[in-house]
Structure formats: structure tokens, C-alpha cells
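Asker: One file is attached below, work29.cif, containing mmCIF, C-alpha atoms and all ligand atoms.
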```
data_data
#
loop_
_atom_site.group_PDB
_atom_site.id
_atom_site.type_symbol
_atom_site.label_atom_id
_atom_site.label_comp_id
_atom_site.auth_asym_id
_atom_site.auth_seq_id
_atom_site.Cartn_x
_atom_site.Cartn_y
_atom_site.Cartn_z
ATOM 1 C CA MET A 1 -23.107 8.041 10.182
ATOM 2 C CA PRO A 2 -20.665 5.925 8.092
ATOM 3 C CA SER A 3 -17.952 4.104 9.978
ATOM 4 C CA TYR A 4 -14.369 3.565 8.779
ATOM 5 C CA LEU A 5 -11.523 1.525 10.171
ATOM 6 C CA ILE A 6 -8.014 2.226 8.886
ATOM 7 C CA THR A 7 -4.993 0.066 9.673
ATOM 8 C CA GLY A 8 -1.502 1.547 9.916
ATOM 9 C CA ALA A 9 -2.962 4.899 10.921
ATOM 10 C CA SER A 10 0.120 6.012 12.874
ATOM 11 C CA ARG A 11 1.850 7.772 9.982
ATOM 12 C CA GLY A 12 2.199 8.208 6.227
ATOM 13 C CA ILE A 13 -0.795 7.453 4.044
ATOM 14 C CA GLY A 14 -2.751 5.843 6.922
ATOM 15 C CA TRP A 15 -2.487 9.007 9.012
ATOM 16 C CA GLU A 16 -3.767 11.051 6.078
ATOM 17 C CA PHE A 17 -6.781 8.715 5.651
ATOM 18 C CA LEU A 18 -7.525 9.248 9.332
ATOM 19 C CA SER A 19 -7.230 13.045 9.050
ATOM 20 C CA GLN A 20 -9.340 13.425 5.912
ATOM 21 C CA LEU A 21 -12.097 11.055 7.008
ATOM 22 C CA ALA A 22 -12.201 12.468 10.548
ATOM 23 C CA SER A 23 -12.611 16.007 9.166
ATOM 24 C CA ASN A 24 -16.192 15.042 8.282
ATOM 25 C CA PRO A 25 -18.071 15.088 11.610
ATOM 26 C CA SER A 26 -20.700 12.650 10.345
ATOM 27 C CA ASN A 27 -18.061 9.893 10.033
ATOM 28 C CA THR A 28 -17.059 7.520 12.817
ATOM 29 C CA VAL A 29 -13.373 6.885 12.181
ATOM 30 C CA ILE A 30 -11.267 4.288 13.950
ATOM 31 C CA GLY A 31 -7.514 4.262 13.386
ATOM 32 C CA LEU A 32 -5.766 1.021 14.225
ATOM 33 C CA VAL A 33 -2.137 1.350 15.301
ATOM 34 C CA ARG A 34 0.153 -1.295 16.649
ATOM 35 C CA ASN A 35 1.700 0.827 19.361
ATOM 36 C CA LYS A 36 -0.822 2.956 21.183
ATOM 37 C CA SER A 37 1.402 5.179 23.315
ATOM 38 C CA ALA A 38 3.045 2.023 24.625
ATOM 39 C CA THR A 39 0.072 1.490 26.964
ATOM 40 C CA GLU A 40 -1.542 -1.363 25.110
ATOM 41 C CA THR A 41 -0.764 -3.085 21.872
ATOM 42 C CA ARG A 42 -3.524 -3.522 19.338
ATOM 43 C CA GLY A 43 -3.577 -3.784 15.624
ATOM 44 C CA ASP A 44 -0.375 -5.575 14.714
ATOM 45 C CA ILE A 45 -1.916 -7.170 11.668
ATOM 46 C CA SER A 46 0.386 -10.154 11.899
ATOM 47 C CA ASP A 47 -1.131 -10.984 15.311
ATOM 48 C CA TYR A 48 -4.577 -12.562 14.896
ATOM 49 C CA ASN A 49 -5.550 -12.288 18.584
ATOM 50 C CA SER A 50 -4.800 -8.598 18.558
ATOM 51 C CA LEU A 51 -7.052 -8.157 15.509
ATOM 52 C CA GLU A 52 -9.899 -10.084 17.149
ATOM 53 C CA ALA A 53 -9.595 -7.790 20.168
ATOM 54 C CA ALA A 54 -9.639 -4.773 17.842
ATOM 55 C CA ALA A 55 -12.778 -6.106 16.112
ATOM 56 C CA ALA A 56 -14.509 -6.523 19.507
ATOM 57 C CA GLU A 57 -13.577 -2.946 20.455
ATOM 58 C CA THR A 58 -14.775 -1.645 17.093
ATOM 59 C CA GLU A 59 -18.112 -3.358 17.666
ATOM 60 C CA LYS A 60 -18.493 -1.466 20.940
ATOM 61 C CA ILE A 61 -17.663 1.877 19.280
ATOM 62 C CA THR A 62 -19.949 1.495 16.259
ATOM 63 C CA GLY A 63 -22.720 -0.388 18.055
ATOM 64 C CA GLY A 64 -22.328 -3.482 15.859
ATOM 65 C CA GLY A 65 -21.253 -3.214 12.267
ATOM 66 C CA LEU A 66 -18.511 -1.616 10.225
ATOM 67 C CA ASP A 67 -19.196 0.135 6.911
ATOM 68 C CA ASN A 68 -15.696 0.572 5.456
ATOM 69 C CA LEU A 69 -12.352 -1.081 6.084
ATOM 70 C CA ILE A 70 -9.160 0.449 4.695
ATOM 71 C CA ALA A 71 -6.348 -2.111 4.869
ATOM 72 C CA ASN A 72 -3.498 0.352 4.625
ATOM 73 C CA ALA A 73 -0.862 -1.076 6.992
ATOM 74 C CA GLY A 74 2.021 -2.567 5.130
ATOM 75 C CA ALA A 75 5.607 -3.602 5.497
ATOM 76 C CA VAL A 76 8.026 -2.074 3.024
ATOM 77 C CA ALA A 77 11.456 -3.633 2.666
ATOM 78 C CA HIS A 78 14.504 -1.459 2.116
ATOM 79 C CA TRP A 79 16.816 -4.386 1.483
ATOM 80 C CA ASP A 80 15.233 -5.245 -1.894
ATOM 81 C CA ALA A 81 14.793 -1.626 -2.983
ATOM 82 C CA TYR A 82 17.541 -1.244 -5.569
ATOM 83 C CA ASP A 83 19.048 -4.611 -6.525
ATOM 84 C CA PRO A 84 17.551 -7.031 -9.058
ATOM 85 C CA ILE A 85 16.261 -10.370 -7.812
ATOM 86 C CA GLY A 86 19.256 -12.371 -9.054
ATOM 87 C CA ILE A 87 21.581 -10.249 -6.919
ATOM 88 C CA LEU A 88 19.300 -10.504 -3.890
ATOM 89 C CA ALA A 89 19.166 -14.276 -4.322
ATOM 90 C CA GLN A 90 22.923 -14.460 -3.802
ATOM 91 C CA GLN A 91 22.156 -13.869 -0.128
ATOM 92 C CA PRO A 92 19.626 -16.681 0.336
ATOM 93 C CA GLU A 93 19.219 -16.436 4.098
ATOM 94 C CA ILE A 94 18.554 -12.709 4.086
ATOM 95 C CA LEU A 95 16.246 -13.084 1.106
ATOM 96 C CA GLU A 96 14.180 -15.712 2.904
ATOM 97 C CA LYS A 97 13.971 -13.677 6.097
ATOM 98 C CA GLU A 98 12.944 -10.488 4.258
ATOM 99 C CA LEU A 99 10.392 -12.224 2.042
ATOM 100 C CA MET A 100 8.808 -14.137 4.933
ATOM 101 C CA HIS A 101 8.426 -10.902 6.877
ATOM 102 C CA LEU A 102 6.744 -9.166 3.916
ATOM 103 C CA LEU A 103 4.433 -12.119 3.349
ATOM 104 C CA ARG A 104 3.584 -12.325 7.032
ATOM 105 C CA VAL A 105 2.537 -8.685 7.275
ATOM 106 C CA ASN A 106 1.244 -7.825 3.795
ATOM 107 C CA VAL A 107 -0.491 -11.112 3.003
ATOM 108 C CA VAL A 108 -1.170 -13.228 6.097
ATOM 109 C CA GLY A 109 -1.771 -10.130 8.226
ATOM 110 C CA ASN A 110 -4.394 -8.792 5.842
ATOM 111 C CA ILE A 111 -6.088 -12.194 5.539
ATOM 112 C CA HIS A 112 -6.398 -12.179 9.349
ATOM 113 C CA LEU A 113 -7.705 -8.621 9.189
ATOM 114 C CA PHE A 114 -10.394 -9.450 6.622
ATOM 115 C CA SER A 115 -11.381 -12.550 8.545
ATOM 116 C CA ALA A 116 -11.659 -10.719 11.889
ATOM 117 C CA PHE A 117 -13.724 -7.860 10.437
ATOM 118 C CA THR A 118 -15.994 -9.659 7.931
ATOM 119 C CA PRO A 119 -18.665 -10.364 10.594
ATOM 120 C CA LEU A 120 -18.817 -6.620 11.312
ATOM 121 C CA LEU A 121 -18.854 -5.704 7.608
ATOM 122 C CA ARG A 122 -21.836 -8.011 7.113
ATOM 123 C CA ARG A 123 -23.735 -5.797 9.545
ATOM 124 C CA GLY A 124 -22.454 -2.580 7.960
ATOM 125 C CA GLN A 125 -24.148 -0.382 5.353
ATOM 126 C CA THR A 126 -21.708 0.261 2.484
ATOM 127 C CA LYS A 127 -19.671 -2.945 3.139
ATOM 128 C CA LYS A 128 -16.439 -1.870 1.417
ATOM 129 C CA VAL A 129 -12.941 -3.232 1.936
ATOM 130 C CA ILE A 130 -10.098 -1.429 0.186
ATOM 131 C CA ALA A 131 -6.635 -2.979 0.390
ATOM 132 C CA ILE A 132 -3.838 -0.519 -0.294
ATOM 133 C CA SER A 133 -1.713 -2.324 -2.830
ATOM 134 C CA SER A 134 1.007 -1.154 -5.193
ATOM 135 C CA GLY A 135 1.453 -0.657 -8.917
ATOM 136 C CA GLN A 136 4.614 -2.718 -8.390
ATOM 137 C CA ALA A 137 2.194 -5.660 -8.396
ATOM 138 C CA ALA A 138 0.797 -4.793 -11.832
ATOM 139 C CA LEU A 139 2.257 -7.816 -13.583
ATOM 140 C CA ASP A 140 2.062 -6.411 -17.123
ATOM 141 C CA MET A 141 4.174 -3.425 -16.053
ATOM 142 C CA ILE A 142 7.162 -5.465 -14.897
ATOM 143 C CA PRO A 143 8.149 -6.687 -18.391
ATOM 144 C CA LYS A 144 6.863 -3.532 -20.072
ATOM 145 C CA LEU A 145 9.065 -1.157 -18.048
ATOM 146 C CA GLN A 146 11.669 -3.789 -17.121
ATOM 147 C CA ILE A 147 11.211 -2.949 -13.432
ATOM 148 C CA GLU A 148 13.938 -4.736 -11.521
ATOM 149 C CA LEU A 149 13.421 -2.929 -8.195
ATOM 150 C CA SER A 150 11.582 -4.038 -5.084
ATOM 151 C CA SER A 151 11.084 -7.652 -6.131
ATOM 152 C CA LEU A 152 10.128 -9.018 -2.731
ATOM 153 C CA TYR A 153 7.742 -6.192 -1.940
ATOM 154 C CA SER A 154 6.123 -6.655 -5.373
ATOM 155 C CA ILE A 155 5.711 -10.384 -4.748
ATOM 156 C CA SER A 156 3.975 -9.692 -1.419
ATOM 157 C CA LYS A 157 1.591 -7.123 -2.919
ATOM 158 C CA THR A 158 0.756 -9.452 -5.827
ATOM 159 C CA ALA A 159 -0.140 -12.134 -3.285
ATOM 160 C CA LEU A 160 -2.209 -9.579 -1.373
ATOM 161 C CA ASN A 161 -4.166 -8.799 -4.549
ATOM 162 C CA THR A 162 -4.865 -12.512 -4.956
ATOM 163 C CA ALA A 163 -6.100 -12.775 -1.362
ATOM 164 C CA VAL A 164 -8.369 -9.774 -1.975
ATOM 165 C CA ALA A 165 -9.748 -11.381 -5.163
ATOM 166 C CA LYS A 166 -10.402 -14.626 -3.260
ATOM 167 C CA PHE A 167 -12.249 -12.798 -0.455
ATOM 168 C CA SER A 168 -14.251 -11.044 -3.141
ATOM 169 C CA ALA A 169 -15.084 -14.332 -4.836
ATOM 170 C CA GLN A 170 -16.546 -15.591 -1.564
ATOM 171 C CA TYR A 171 -18.263 -12.451 -0.249
ATOM 172 C CA ASN A 172 -19.330 -10.598 -3.399
ATOM 173 C CA LYS A 173 -22.652 -12.431 -3.279
ATOM 174 C CA GLU A 174 -23.241 -11.036 0.212
ATOM 175 C CA GLY A 175 -22.706 -7.536 -1.157
ATOM 176 C CA ILE A 176 -19.278 -7.025 0.445
ATOM 177 C CA LEU A 177 -16.845 -5.260 -1.881
ATOM 178 C CA PHE A 178 -13.202 -6.327 -1.652
ATOM 179 C CA MET A 179 -10.808 -4.525 -3.984
ATOM 180 C CA SER A 180 -7.146 -3.476 -4.199
ATOM 181 C CA VAL A 181 -6.139 0.109 -4.940
ATOM 182 C CA CYS A 182 -2.670 1.530 -5.553
ATOM 183 C CA PRO A 183 -2.323 5.055 -4.115
ATOM 184 C CA GLY A 184 0.270 6.025 -6.754
ATOM 185 C CA LEU A 185 3.806 6.960 -5.896
ATOM 186 C CA VAL A 186 3.515 8.906 -2.659
ATOM 187 C CA ASP A 187 6.190 10.818 -0.812
ATOM 188 C CA THR A 188 6.261 9.405 2.701
ATOM 189 C CA GLY A 189 10.026 9.619 3.019
ATOM 190 C CA ARG A 190 10.560 6.110 1.706
ATOM 191 C CA TYR A 191 13.099 6.932 -0.972
ATOM 192 C CA ASP A 192 15.231 9.237 1.117
ATOM 193 C CA ASP A 193 17.920 6.690 1.899
ATOM 194 C CA GLY A 194 18.570 5.638 -1.685
ATOM 195 C CA MET A 195 18.622 9.270 -2.754
ATOM 196 C CA ARG A 196 21.093 10.305 -0.078
ATOM 197 C CA GLY A 197 18.446 12.594 1.390
ATOM 198 C CA ILE A 198 16.922 13.727 -1.900
ATOM 199 C CA THR A 199 13.230 12.918 -2.111
ATOM 200 C CA LEU A 200 11.894 11.365 -5.261
ATOM 201 C CA GLU A 201 9.872 14.443 -6.108
ATOM 202 C CA VAL A 202 12.856 16.777 -5.811
ATOM 203 C CA ALA A 203 15.018 14.316 -7.726
ATOM 204 C CA PHE A 204 12.611 14.375 -10.594
ATOM 205 C CA TYR A 205 12.711 18.127 -10.826
ATOM 206 C CA ILE A 206 16.465 18.484 -10.647
ATOM 207 C CA ASN A 207 16.873 16.080 -13.534
ATOM 208 C CA VAL A 208 17.931 12.473 -13.507
ATOM 209 C CA THR A 209 21.143 13.209 -15.348
ATOM 210 C CA ASN A 210 22.386 15.393 -12.504
ATOM 211 C CA ILE A 211 21.785 12.571 -10.068
ATOM 212 C CA TYR A 212 23.582 10.161 -12.320
ATOM 213 C CA ASN A 213 26.590 12.460 -12.621
ATOM 214 C CA THR A 214 26.743 13.021 -8.886
ATOM 215 C CA TYR A 215 26.567 9.331 -8.023
ATOM 216 C CA ARG A 216 28.174 8.115 -11.220
ATOM 217 C CA ASN A 217 29.682 5.012 -9.696
ATOM 218 C CA SER A 218 26.779 3.905 -7.569
ATOM 219 C CA GLY A 219 24.458 1.074 -8.520
ATOM 220 C CA THR A 220 21.650 3.046 -6.933
ATOM 221 C CA ALA A 221 22.067 5.912 -9.391
ATOM 222 C CA ARG A 222 22.067 3.582 -12.362
ATOM 223 C CA THR A 223 18.956 1.730 -11.201
ATOM 224 C CA LEU A 224 17.119 4.921 -10.351
ATOM 225 C CA LYS A 225 18.040 6.562 -13.626
ATOM 226 C CA LYS A 226 16.691 3.585 -15.513
ATOM 227 C CA MET A 227 13.516 3.646 -13.459
ATOM 228 C CA PHE A 228 12.966 7.382 -13.961
ATOM 229 C CA TYR A 229 13.407 7.117 -17.706
ATOM 230 C CA SER A 230 10.979 4.226 -17.983
ATOM 231 C CA PHE A 231 8.442 6.104 -15.833
ATOM 232 C CA ALA A 232 8.827 9.210 -17.996
ATOM 233 C CA GLU A 233 8.291 7.158 -21.126
ATOM 234 C CA TYR A 234 5.256 5.375 -19.695
ATOM 235 C CA ALA A 235 3.616 8.499 -18.274
ATOM 236 C CA PRO A 236 5.014 11.725 -19.799
ATOM 237 C CA ASN A 237 2.887 13.848 -17.441
ATOM 238 C CA PHE A 238 4.187 12.120 -14.322
ATOM 239 C CA LYS A 239 6.105 14.651 -12.212
ATOM 240 C CA GLY A 240 7.243 12.498 -9.305
ATOM 241 C CA ALA A 241 5.725 11.365 -6.039
ATOM 242 C CA SER A 242 2.476 12.977 -4.917
ATOM 243 C CA THR A 243 1.647 14.250 -1.447
ATOM 244 C CA THR A 244 -0.220 11.994 0.961
ATOM 245 C CA GLU A 245 -3.062 14.524 0.840
ATOM 246 C CA ALA A 246 -3.535 14.221 -2.940
ATOM 247 C CA ALA A 247 -3.086 10.426 -2.930
ATOM 248 C CA VAL A 248 -5.679 9.863 -0.211
ATOM 249 C CA LYS A 249 -8.187 12.157 -1.948
ATOM 250 C CA ASP A 250 -7.747 10.067 -5.100
ATOM 251 C CA VAL A 251 -8.131 6.721 -3.322
ATOM 252 C CA LEU A 252 -11.213 7.893 -1.400
ATOM 253 C CA SER A 253 -12.764 9.010 -4.674
ATOM 254 C CA VAL A 254 -12.102 5.574 -6.222
ATOM 255 C CA MET A 255 -13.541 3.920 -3.109
ATOM 256 C CA ASP A 256 -16.613 6.122 -3.163
ATOM 257 C CA LYS A 257 -17.457 5.258 -6.776
ATOM 258 C CA ALA A 258 -16.669 1.528 -6.512
ATOM 259 C CA SER A 259 -19.429 -0.999 -5.877
ATOM 260 C CA VAL A 260 -20.276 -4.667 -6.124
ATOM 261 C CA ASP A 261 -23.081 -3.735 -8.539
ATOM 262 C CA ASN A 262 -20.579 -2.040 -10.899
ATOM 263 C CA GLY A 263 -18.512 -5.235 -10.961
ATOM 264 C CA ASP A 264 -15.583 -3.784 -8.991
ATOM 265 C CA GLY A 265 -15.298 -6.758 -6.615
ATOM 266 C CA GLY A 266 -11.859 -8.387 -6.704
ATOM 267 C CA SER A 267 -10.386 -5.752 -9.007
ATOM 268 C CA PHE A 268 -6.999 -4.080 -8.727
ATOM 269 C CA VAL A 269 -6.894 -0.452 -9.849
ATOM 270 C CA SER A 270 -4.744 2.642 -9.545
ATOM 271 C CA HIS A 271 -5.576 5.920 -7.777
ATOM 272 C CA PHE A 272 -7.170 6.921 -11.120
ATOM 273 C CA GLY A 273 -9.570 3.969 -10.822
ATOM 274 C CA ASN A 274 -8.086 2.231 -13.857
ATOM 275 C CA GLN A 275 -4.900 0.502 -15.021
ATOM 276 C CA GLN A 276 -2.893 3.704 -15.528
ATOM 277 C CA TRP A 277 -0.419 3.374 -12.661
ATOM 278 C CA LEU A 278 1.400 6.728 -12.843
HETATM 279 N N1 LIG B 1 4.292 5.485 -0.340
HETATM 280 C C1 LIG B 1 4.115 4.957 -1.539
HETATM 281 O O1 LIG B 1 4.651 5.441 -2.579
HETATM 282 C C2 LIG B 1 3.238 3.740 -1.699
HETATM 283 C C3 LIG B 1 2.992 3.285 -3.011
HETATM 284 C C4 LIG B 1 2.178 2.168 -3.190
HETATM 285 C C5 LIG B 1 1.635 1.535 -2.072
HETATM 286 N N2 LIG B 1 1.887 1.984 -0.831
HETATM 287 C C6 LIG B 1 1.269 1.264 0.311
HETATM 288 O O2 LIG B 1 0.555 2.188 1.113
HETATM 289 C C7 LIG B 1 0.523 1.729 2.460
HETATM 290 C C8 LIG B 1 1.030 2.819 3.388
HETATM 291 O O3 LIG B 1 2.341 3.171 2.953
HETATM 292 P P1 LIG B 1 3.176 4.401 3.563
HETATM 293 O O4 LIG B 1 4.002 4.920 2.454
HETATM 294 O O5 LIG B 1 2.283 5.317 4.335
HETATM 295 O O6 LIG B 1 4.134 3.588 4.529
HETATM 296 P P2 LIG B 1 4.761 3.955 5.949
HETATM 297 O O7 LIG B 1 4.920 5.417 6.116
HETATM 298 O O8 LIG B 1 5.942 3.054 6.049
HETATM 299 O O9 LIG B 1 3.636 3.450 6.967
HETATM 300 C C9 LIG B 1 3.364 2.087 7.084
HETATM 301 C C10 LIG B 1 2.266 1.915 8.116
HETATM 302 O O10 LIG B 1 2.023 0.491 8.248
HETATM 303 C C11 LIG B 1 2.139 0.166 9.636
HETATM 304 N N3 LIG B 1 2.606 -1.208 9.807
HETATM 305 C C12 LIG B 1 3.742 -1.778 9.326
HETATM 306 N N4 LIG B 1 3.818 -3.069 9.755
HETATM 307 C C13 LIG B 1 2.706 -3.293 10.489
HETATM 308 C C14 LIG B 1 2.205 -4.412 11.202
HETATM 309 N N5 LIG B 1 2.852 -5.572 11.273
HETATM 310 N N6 LIG B 1 1.007 -4.277 11.829
HETATM 311 C C15 LIG B 1 0.333 -3.118 11.809
HETATM 312 N N7 LIG B 1 0.759 -2.021 11.189
HETATM 313 C C16 LIG B 1 1.935 -2.114 10.543
HETATM 314 C C17 LIG B 1 3.123 1.176 10.211
HETATM 315 O O11 LIG B 1 2.964 1.215 11.614
HETATM 316 P P3 LIG B 1 4.159 1.685 12.634
HETATM 317 O O12 LIG B 1 4.114 3.176 12.669
HETATM 318 O O13 LIG B 1 3.792 1.042 13.923
HETATM 319 O O14 LIG B 1 5.437 1.161 12.059
HETATM 320 C C18 LIG B 1 2.654 2.439 9.495
HETATM 321 O O15 LIG B 1 1.516 2.964 10.110
HETATM 322 C C19 LIG B 1 1.389 0.458 2.501
HETATM 323 O O16 LIG B 1 0.560 -0.673 2.409
HETATM 324 C C20 LIG B 1 2.255 0.605 1.258
HETATM 325 O O17 LIG B 1 2.702 -0.644 0.780
HETATM 326 C C21 LIG B 1 2.677 3.066 -0.610
#
```
Can the structure in the file be given as C-alpha cells, please?
Ligand SMILES: NC(=O)c1ccc[n+]([C@@H]2O[C@H](COP(=O)([O-])OP(=O)(O)OC[C@H]3O[C@@H](n4cnc5c(N)ncnc54)[C@H](OP(=O)(O)O)[C@@H]3O)[C@@H](O)[C@H]2O)c1
Answerer:
Amino acid sequence: MPSYLITGASRGIGWEFLSQLASNPSNTVIGLVRNKSATETRGDISDYNSLEAAAAETEKITGGGLDNLIANAGAVAHWDAYDPIGILAQQPEILEKELMHLLRVNVVGNIHLFSAFTPLLRRGQTKKVIAISSGQAALDMIPKLQIELSSLYSISKTALNTAVAKFSAQYNKEGILFMSVCPGLVDTGRYDDGMRGITLEVAFYINVTNIYNTYRNSGTARTLKKMFYSFAEYAPNFKGASTTEAAVKDVLSVMDKASVDNGDGGSFVSHFGNQQWL
């Protein structure tokens, strides 16, 4: 009866993990949310005490250990979405506030999470920790595709990957797998604002040139056009954002195959299980 704990299970990709894993009756699945019907607050990953309380509750549910931890919860900034870092840096106070928030949730929060749950993982069977990272943190891709977008978010996910690798370095010898996996580009409504209501997937189909013509004078259109073209060049078969259903299936398959014995500890891979990010 494998047990799973998923953070950020309230919506998006986290909700889909919860649904797919819970559809197998032999799984014990615990979804951690930070606002449980406003009755009690648990699972804000930037609050260590709340995570310790969640670990104690998990112990009661599973009878001791935890087999699998999916560190999905994450903060995504909108402020850094379309401007390059030099432009963002012209607003130093906002930049600092946004970056500190991303680091607090995506890095410090997940370090707290791993720390609070490692004692349970030690007593688990499969002992797997998967951190949901982003291809935006694939450092070779930034110069290769000249990706100017989402600088602060990318910085936070790169730091998360480092934290994951450090946890792996310490706990690999105890048989606990820590690895980072990017779910691919997934349509959870994130790009709606920049697209004036057009989702990334739809935008891809209706042709980047149309978007550019419609929003000819907007910086957003120029940045997006550039991004689409570089994506198309990098991965000619890429057709836009996937559904949460497909992305979660992919990540669970990567997680299933990964093991300490195969040398996967500390690695950072895509939803394909390799370094192909789209
Ligand atoms: N969508 C993509 O294309 C994509 C690509 C690469 C990586 N990812 C990563 O995949 C993960 C899920 O993304 P998503 O697209 O499903 O995002 P989403 O729809 O914005 O959901 C984010 C989830 O994280 C939770 N969360 C945010 N801050 C939190 C905090 N301080 N403590 C606890 N939970 C918190 C949210 O909870 P509330 O409901 O309480 O706000 C929500 O459940 C993130 O780590 C994201 O960086 C996504």
C-alpha cells in the first residue's frame, strides 16, 4: 500500500497528481494544501512549524513512514514573466521583494519540507522525493535559446535543483532518492494574462505571426514571438503546452523508473526522463 504526499495539491498540476494517484485504491494519498477550507492552515511550505505538524499528521495516517514525496507546490511570479533581467533590475525594490518571495517558497520552503519529512521517508519503502522543477532552470538552454523571460523564477528553480542535489548527496547512501523533474510546459492558465486571454496552446496553433500582428506594438508580443520561434527551432515537434493529465502521467512514469541504484539521485530531468525539455 504505497503512500504519497503531494504539496500544492489544491489546483493545477498538484491537483492532477492527487487525482491520478488516488484513482488507484491501493495507494494512500495525502494532499497538502495551505488553506483547508479556511478551518485550519497546514502546508504553507514557507512555514516550518506548519510542515512539522503536517509530518506528524502524515505519520498518524500512514502508521509511521512515507514512501513518496512530491514537492509540487511552487510560487510563480508574473512580474518577471516578459521583461529581461536588465529591465526588471531598473526597479530594484520590486525585484528584491519578488525574488525573496520566490526564494522563500521555492527554495527555503522545500528545504523545510525535505527536512520535516526525511524521518518519515527513512521508514518508508520506495523512499522517493521528486521536486517539481522547471526547464527554465536548465542552464545550458538559457544561452542556447537566448531565453530572457522569467529570470527570477528561473533563479529560484535553479537554487531548488541545487538543494535537491545536496539532499541527495547526504541521503543517497541511506537509499533515499532526491531528484528534480520538469513537468514540461503545462497549461494551468498561467500564460493567460500575457496572451490577453489566449492560452499558450491555442496561440501556438493560430500562428505566432498572427499574434505579433495583433499586438504589434506590445513588448509582450515581441518577447513571446521570439520565445515561440526558439522553441520551434529547438523542438520541431513541440505543439504547445500539454494538459495537466498528460504532464502528470509523464512525471509519474519518470518517478516510477528512477532509483538510487540507477544513479538518478540528485539529477534534474525533463518529463521525458532526459535533458530534452520540450
Ligand atoms: N505549469 C507549467 O507550465 C510548469 C512548468 C514547469 C514547472 N512547473 C511547476 O509545477 C508546479 C505546479 O505548477 P502549476 O502550474 O500547477 O501552478 P499553480 O496552478 O500556480 O499551482 C501552484 C500550487 O502551489 C501552491 N503554493 C504556492 N505557494 C505556496 C506556499 N507558500 N505553500 C504551499 N503551497 C503553495 C498553490 O497553492 P494555493 O492554491 O494555496 O495558492 C498551488 O496549489 C510548480 O512548482 C511550478 O513551478 C509548472
Asker: Identify, counting all atoms listed in the file, the protein, DNA and RNA residues located within 7 Å of ligand LIG 1 (chain B), and give them as a PyMOL selection string.
Answerer: chain A and resi 7-14+33-35+43-46+72-76+105+132-135+182-188+190+241
Asker: Could you list, with a cut-off of 12 Å and counting all atoms listed in the file, the residues of segment 104-206 of chain A near segment 95-99 of chain A, each shown with its nearest atom pair and the distance in Å rounded to one decimal, rows sorted by chain and ascending number, as a tab-separated table?
Answerer:
```
residue	atom	partner	partner_atom	distance
A:Arg104	CA	A:Leu99	CA	8.4
A:Val105	CA	A:Leu99	CA	10.1
A:Asn106	CA	A:Leu99	CA	10.3
A:Val107	CA	A:Leu99	CA	11.0
A:Ser150	CA	A:Leu99	CA	10.9
A:Ser151	CA	A:Leu99	CA	9.4
A:Leu152	CA	A:Leu99	CA	5.8
A:Tyr153	CA	A:Leu99	CA	7.7
A:Ser154	CA	A:Leu99	CA	10.2
A:Ile155	CA	A:Leu99	CA	8.4
A:Ser156	CA	A:Leu99	CA	7.7
A:Lys157	CA	A:Leu99	CA	11.3
A:Ala159	CA	A:Leu99	CA	11.8
```
Asker: Would you write out, as number ranges by chain, every residue that the PyMOL selection byres (((chain A and resi 264) around 12) and not hetatm) captures in this file?
Answerer: A: 128-130, 164-165, 168-169, 172, 175-181, 254-263, 265-269, 273-274
Asker: Spell out the residues picked by the PyMOL selection byres (((chain A and resi 120) around 12) and not hetatm) here, as a ChimeraX atom specification.
Answerer: /A:3-5,52,54-69,113-119,121-129,176
Asker: A:Gln170, A:Asn27, A:Ser242, A:Thr223: which is nearest Pro84 of chain A, counting all atoms listed in the file?
Answerer: A:Thr223
Asker: What is the distance between atom CA of Lys249 of chain A and atom CA of Asn161 of chain A, in Å to one decimal?
Answerer: 21.5 Å
Asker: Could you tell me, as a PyMOL selection string, exactly which residues end up selected when the PyMOL selection byres (((chain A and resi 146) around 12) and not hetatm) is applied to this structure?
Answerer: chain A and resi 84+136+139-145+147-149+151+223+226-231+234
Asker: Could those selected residues go to a file with C-alpha atoms, as a PDB file, in the coordinates of the input?
Answerer:
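result-v4.pdb written:
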```
ATOM      1  CA  PRO A  84      17.551  -7.031  -9.058  1.00  0.00           C
ATOM      2  CA  GLN A 136       4.614  -2.718  -8.390  1.00  0.00           C
ATOM      3  CA  LEU A 139       2.257  -7.816 -13.583  1.00  0.00           C
ATOM      4  CA  ASP A 140       2.062  -6.411 -17.123  1.00  0.00           C
ATOM      5  CA  MET A 141       4.174  -3.425 -16.053  1.00  0.00           C
ATOM      6  CA  ILE A 142       7.162  -5.465 -14.897  1.00  0.00           C
ATOM      7  CA  PRO A 143       8.149  -6.687 -18.391  1.00  0.00           C
ATOM      8  CA  LYS A 144       6.863  -3.532 -20.072  1.00  0.00           C
ATOM      9  CA  LEU A 145       9.065  -1.157 -18.048  1.00  0.00           C
ATOM     10  CA  ILE A 147      11.211  -2.949 -13.432  1.00  0.00           C
ATOM     11  CA  GLU A 148      13.938  -4.736 -11.521  1.00  0.00           C
ATOM     12  CA  LEU A 149      13.421  -2.929  -8.195  1.00  0.00           C
ATOM     13  CA  SER A 151      11.084  -7.652  -6.131  1.00  0.00           C
ATOM     14  CA  THR A 223      18.956   1.730 -11.201  1.00  0.00           C
ATOM     15  CA  LYS A 226      16.691   3.585 -15.513  1.00  0.00           C
ATOM     16  CA  MET A 227      13.516   3.646 -13.459  1.00  0.00           C
ATOM     17  CA  PHE A 228      12.966   7.382 -13.961  1.00  0.00           C
ATOM     18  CA  TYR A 229      13.407   7.117 -17.706  1.00  0.00           C
ATOM     19  CA  SER A 230      10.979   4.226 -17.983  1.00  0.00           C
ATOM     20  CA  PHE A 231       8.442   6.104 -15.833  1.00  0.00           C
ATOM     21  CA  TYR A 234       5.256   5.375 -19.695  1.00  0.00           C
TER      22      TYR A 234
END
```
Asker: Out of A:Ala71, A:Ile6, A:Met100, A:Leu32, which residue has the shortest atom-to-atom distance to Gln20 of chain A when counting only C-alpha atoms?
Answerer: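 Smallest distance to Gln20 of chain A is found for A:Ile6.
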Asker: Provide the atom CA of Ser270 of chain A to atom CA of Leu18 of chain A distance in Å, to one decimal place.
Answerer: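 Atom CA of Ser270 of chain A sits 20.2 Å away from atom CA of Leu18 of chain A.
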Asker: For atom CA of Val251 of chain A and atom CA of His112 of chain A, determine how far apart the two atoms are, in Å to one decimal place.
Answerer: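 Separation of atom CA of Val251 of chain A and atom CA of His112 of chain A: 22.8 Å.
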Asker: Here is a test: counting only C-alpha atoms, which residue of A:Ala163, A:Thr158, A:Gly109, A:His271 is nearest to Ala246 of chain A?
Answerer: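 Looking only at the distances to Ala246 of chain A, the closest residue turns out to be A:His271.
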